[in-house]
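J.: My questions will all concern the structure given below.
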Amino acid sequence: MTIETITPHGTPTTGSSAQPDMSREFNPWLAAEVRFDRAAELLGLDDGLRKLLKTPGMEVTVNIPVMMDDGRLEVFTGYRVQHSIARGPAKGGIRFSPDVTLDEVRALASWMTWKCSVVNIPFGGGKGGVICDPSILSRNEVERITRRYTAELIDVIGPERDVPAPDMNTNEQTMAWIMDTYSMHKRTTVTAVVTGKPLNLGGSKGRPEATGRGCLFVTLQALRRFHIDPSEARVVVQGFGNVGGLGAKLMRKAGMKVISIIEWDGALYNEHGLDIEALMAHRQKTGSINGFEGGEAIDRHEAMFLDCDVLVPAAKENVVHSQNAAKIKAKIMTEGANGPTTAVADKILAEKGVFVIPDILANAGGVTVSYFEWVQDRQGYFWNEQLVNGRLEEIMVNSFKDVVEYAERHHVDNRTAAYMLALDRVAFAIKLRGIYA
Ligand code: NAD
């Protein structure tokens, strides 16, 4: 597949209200395929290996009977896909959502393979999901779904096989239930079966901030390449949640000026830098960033195009696309979110010379600390936060250097380099192991 084949159909007519159909450009699985194909082509991977790297190793569908609070028996469908275990146990989250599809879980599982490979941690990629709507379920119903889903997957998951983690609509509590159910079946407490657990059940220090902290480490590296002192760096962050909010807090702490925060319901600007902790307290109190006195309210649709050194899209996918990429003024873009840039926009950003730190690298801090959690659980020895953060920094900085040096050596953009490096490592592992027949 080529970039052209996913160009949006139709172009907007100037001065008219006609909107282009962006559905193909916004399809994350097509976008992932474009990037995979480009990297595989440049690596010269043969057809057989390409087929193997594209095809999930194992896909499990379970239909879970669950007694609802009102006495009805309901059946929910869940999936677990192990895309690759070539480099280690499958690793990846479990989401609870009415929109979960097997195709989506497959694509997300392969994404995890590349993410773990690019930061060189000894995991493959996996993902799971249950088709359900937690917003209309009671806590007890969610617990019963979680436990039965886990029981059905008892021979599929495990510390040496497949290690789930939280994802959309699942959290520490969900992981505690999975760990408990798995442990009951194994007749012994097995904390390393999941990551993202509560701290007092084998969770790791530093996990909540890990993704934002990882974004900070790679951004600092990029600033060095541009000879920009962090105290001079003007940063715009989209999304004030786990990744963006904590990332912004850490960036400010590192001396950067976070000049704008963009949320779904508004955006703030302060040329001297926003006081992020005060903004967090304000949001906690009022439920919104709006009305914060330490910044000026600006148009949230235009804030992403502010003149700045670093843009951190950390909210959702497809926010930088064919129709707006040319307006980006940032020198560096740190992709905190998964898939914030479409494949068509990649080309536009490359032509503009924007230094993109691709999602599979930039937001890999979370899975890296999940790896630390798994290691600590298996060791039964827990690290202090300083050690966790120091080891995270080492991995993020080394991975950044690996990707950027690879990009320079092969004359490709950073995203292509990240995919090439990731695919190459998995392909190499497969070749070394050989094909068992
Ligand atoms: P979150 O729900 O904690 O935060 C997302 C924030 O973005 C929320 O404050 C939300 O209000 C805001 N938002 C939603 N729509 C928006 C819009 N249109 N414009 C501006 N802001 C908007 O989620 P999170 O965990 O921070 O995840 C954000 C992204 O990072 C997702 O793409 C996720 O897949 C990715 N990611 C998260 C982690 C992690 O460890 N949490 C790891 C890797 C990747």
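In the structure tokens, chains take letters A, B, ... by order of appearance, with residues numbered from 1 within each chain and ligands from 1 in the order shown.
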Give me, as a ChimeraX atom specification, all polymer residues having an atom no more than 9 Å from Asn324 (chain A), counting only C-alpha atoms and skipping those fewer than 5 positions away in the same chain.
T.: /A:305,319,345
J.: Would you mind listing what lies within 12 Å of Asp275 (chain A) as a ChimeraX atom specification, with only C-alpha atoms counted and same-chain residues fewer than 2 positions away left out?
T.: /A:245,248-253,255-261,268-273,277-282,289,292-295
J.: Compile the contact shell of Ser183 (chain A) as number ranges by chain: residues with an atom at most 10 Å away, counting only C-alpha atoms, same-chain residues fewer than 6 positions apart removed.
T.: A: 154, 177, 189-191, 193
J.: Could those selected residues go to a file with N, CA and C atoms, as a PDB file, in the first residue's frame?
T.:
ATOM      1  N   ILE A 154      -7.011 -18.484  31.035  1.00  0.00           N
ATOM      2  CA  ILE A 154      -6.030 -18.926  32.022  1.00  0.00           C
ATOM      3  C   ILE A 154      -4.798 -19.583  31.385  1.00  0.00           C
ATOM      4  N   TRP A 177      -8.112  -7.517  39.996  1.00  0.00           N
ATOM      5  CA  TRP A 177      -9.054  -8.636  39.834  1.00  0.00           C
ATOM      6  C   TRP A 177      -8.451  -9.723  38.927  1.00  0.00           C
ATOM      7  N   THR A 189       0.087 -16.826  44.614  1.00  0.00           N
ATOM      8  CA  THR A 189      -0.028 -15.439  44.168  1.00  0.00           C
ATOM      9  C   THR A 189       0.987 -15.130  43.061  1.00  0.00           C
ATOM     10  N   VAL A 190       0.457 -14.751  41.900  1.00  0.00           N
ATOM     11  CA  VAL A 190       1.322 -14.497  40.735  1.00  0.00           C
ATOM     12  C   VAL A 190       1.163 -13.034  40.327  1.00  0.00           C
ATOM     13  N   THR A 191       1.941 -12.157  40.960  1.00  0.00           N
ATOM     14  CA  THR A 191       1.757 -10.724  40.681  1.00  0.00           C
ATOM     15  C   THR A 191       2.195 -10.352  39.259  1.00  0.00           C
ATOM     16  N   VAL A 193       1.622 -11.489  36.477  1.00  0.00           N
ATOM     17  CA  VAL A 193       0.746 -11.825  35.345  1.00  0.00           C
ATOM     18  C   VAL A 193       0.172 -10.579  34.673  1.00  0.00           C
TER      19      VAL A 193
END
J.: Between A:Leu53, A:Ile136, A:Leu311, A:Gly202, which one has atoms that come closest to Gly380 (chain A), using only C-alpha atoms?
T.: A:Gly202
J.: May I have the residues within 6 Å of Pro340 (chain A) as a PyMOL selection string, using only C-alpha atoms and disregarding those fewer than 2 positions away in the same chain?
T.: chain A and resi 317-319+337-338
J.: Atoms to include: C-alpha atoms. Write the selected residues as a CSV table (one decimal), in the first residue's frame.
T.:
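Resulting contents of selection39.csv:
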chain,number,residue,atom,x,y,z
A,317,GLU,CA,-5.4,10.1,17.3
A,318,ASN,CA,-5.5,11.9,13.9
A,319,VAL,CA,-5.2,15.4,15.2
A,337,ALA,CA,-0.8,10.1,22.1
A,338,ASN,CA,-1.0,7.0,19.9
J.: Hey, which of A:Ile357, A:Leu349, A:Ile145, A:Ala210 ends up closest to ligand 1? Count only C-alpha atoms and all ligand atoms.
T.: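 Checking each candidate against ligand 1, we get A:Ala210 as the closest.
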J.: Neighbouring residues of ligand 1 are defined here as those with any atom at most 7 Å from a ligand atom, counting only C-alpha atoms and all ligand atoms; list them as a list in words.
T.: Pro208, Ala210, Thr211, Gln238, Gly239, Phe240, Gly241, Asn242, Val243, Gly244, Ile262, Glu263, Trp264, Ala314, Ala315, Lys316, Glu317, Gly336, Ala337, Asn338, Gly339, Asn363, Ala364 and Gly366 of chain A
J.: Grab the CA of Val426 (chain A) to CA of Leu108 (chain A) distance for me, in Å with one decimal place.
T.: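 So the answer is 16.5 Å.
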J.: Give me every strand (DSSP E or B) residue in region 84-282 of chain A, going by DSSP on the backbone, as an MDAnalysis selection string.
T.: chainID A and resid 84 90:97 125:131 158 162:166 234:238 257:263 266:269
J.: Pick from A:Leu392, A:Ile131, A:Met420, A:Cys215: nearest to Phe96 (chain A), with only C-alpha atoms counted?
T.: A:Ile131
J.: Which residue is closest to Ser138 (chain A)? Choose from A:Met67, A:Leu201, A:Ala326, A:Val194 and count only C-alpha atoms.
T.: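 Comparing A:Met67, A:Leu201, A:Ala326, A:Val194 against Ser138 (chain A), the winner is A:Met67.
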J.: With only C-alpha atoms as the basis for distance, which of A:Cys132, A:Val119, A:Leu52, A:Ala39 is at the shortest distance from Val75 (chain A)?
T.: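 Using only C-alpha atoms, the shortest distance to Val75 (chain A) belongs to A:Cys132.
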J.: For the atom pair CA of Leu246 (chain A) and CA of Val356 (chain A), what is the interatomic distance in Å to one decimal place?
T.: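 Calculated distance between CA of Leu246 (chain A) and CA of Val356 (chain A) is 20.4 Å.
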J.: Would you list, as a list in words, the residues of region 137-182 of chain A that end up in alpha helix (DSSP H) under DSSP run on this structure's backbone?
T.: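 Listing alpha helix (DSSP H) positions across region 137-182 of chain A yields Arg139, Asn140, Glu141, Val142, Glu143, Arg144, Ile145, Thr146, Arg147, Arg148, Tyr149, Thr150, Ala151, Glu152, Glu172, Gln173, Thr174, Met175, Ala176, Trp177, Ile178, Met179, Asp180, Thr181 and Tyr182 of chain A.
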J.: Taking C-alpha atoms for each residue, export the selection above as a PDB file, in the first residue's frame.
T.:
ATOM      1  CA  ARG A 139     -18.920  -2.345  39.597  1.00  0.00           C
ATOM      2  CA  ASN A 140     -19.933  -5.908  40.470  1.00  0.00           C
ATOM      3  CA  GLU A 141     -20.870  -6.660  36.871  1.00  0.00           C
ATOM      4  CA  VAL A 142     -17.532  -5.295  35.641  1.00  0.00           C
ATOM      5  CA  GLU A 143     -15.756  -7.443  38.223  1.00  0.00           C
ATOM      6  CA  ARG A 144     -17.642 -10.585  37.114  1.00  0.00           C
ATOM      7  CA  ILE A 145     -16.854  -9.877  33.447  1.00  0.00           C
ATOM      8  CA  THR A 146     -13.185  -9.342  34.306  1.00  0.00           C
ATOM      9  CA  ARG A 147     -12.891 -12.508  36.370  1.00  0.00           C
ATOM     10  CA  ARG A 148     -14.663 -14.765  33.879  1.00  0.00           C
ATOM     11  CA  TYR A 149     -12.679 -13.285  30.964  1.00  0.00           C
ATOM     12  CA  THR A 150      -9.477 -14.019  32.930  1.00  0.00           C
ATOM     13  CA  ALA A 151     -10.598 -17.561  33.780  1.00  0.00           C
ATOM     14  CA  GLU A 152     -11.290 -18.263  30.087  1.00  0.00           C
ATOM     15  CA  GLU A 172      -5.549  -0.693  38.593  1.00  0.00           C
ATOM     16  CA  GLN A 173      -8.628  -2.320  40.094  1.00  0.00           C
ATOM     17  CA  THR A 174      -9.251  -4.347  36.927  1.00  0.00           C
ATOM     18  CA  MET A 175      -5.620  -5.519  37.058  1.00  0.00           C
ATOM     19  CA  ALA A 176      -6.009  -6.481  40.733  1.00  0.00           C
ATOM     20  CA  TRP A 177      -9.054  -8.636  39.834  1.00  0.00           C
ATOM     21  CA  ILE A 178      -7.171 -10.290  36.948  1.00  0.00           C
ATOM     22  CA  MET A 179      -4.178 -10.969  39.190  1.00  0.00           C
ATOM     23  CA  ASP A 180      -6.403 -12.416  41.903  1.00  0.00           C
ATOM     24  CA  THR A 181      -8.383 -14.648  39.514  1.00  0.00           C
ATOM     25  CA  TYR A 182      -5.235 -15.937  37.839  1.00  0.00           C
TER      26      TYR A 182
END
J.: Which residue out of A:His321, A:Arg87, A:Arg35, A:Lys51 has the minimum interatomic distance to Ala429 (chain A) when only C-alpha atoms are used?
T.: A:Arg87
J.: Can you list, as number ranges by chain, every protein, DNA or RNA residue that comes within 6 Å of Ala407 (chain A) when you count only C-alpha atoms, leaving out same-chain residues fewer than 6 positions away?
T.: A: 413-414, 417
J.: Take the residues from that selection and put them in a file with N, CA and C atoms, as a PDB file, in the first residue's frame.
T.:
ATOM      1  N   ASP A 413      12.923   9.462   7.563  1.00  0.00           N
ATOM      2  CA  ASP A 413      12.421  10.240   8.694  1.00  0.00           C
ATOM      3  C   ASP A 413      12.413   9.371   9.956  1.00  0.00           C
ATOM      4  N   ASN A 414      12.229  10.032  11.112  1.00  0.00           N
ATOM      5  CA  ASN A 414      12.328   9.302  12.391  1.00  0.00           C
ATOM      6  C   ASN A 414      11.296   8.190  12.518  1.00  0.00           C
ATOM      7  N   ALA A 417      12.371   5.289  10.504  1.00  0.00           N
ATOM      8  CA  ALA A 417      13.522   4.672  11.176  1.00  0.00           C
ATOM      9  C   ALA A 417      13.063   3.828  12.362  1.00  0.00           C
TER      10      ALA A 417
END
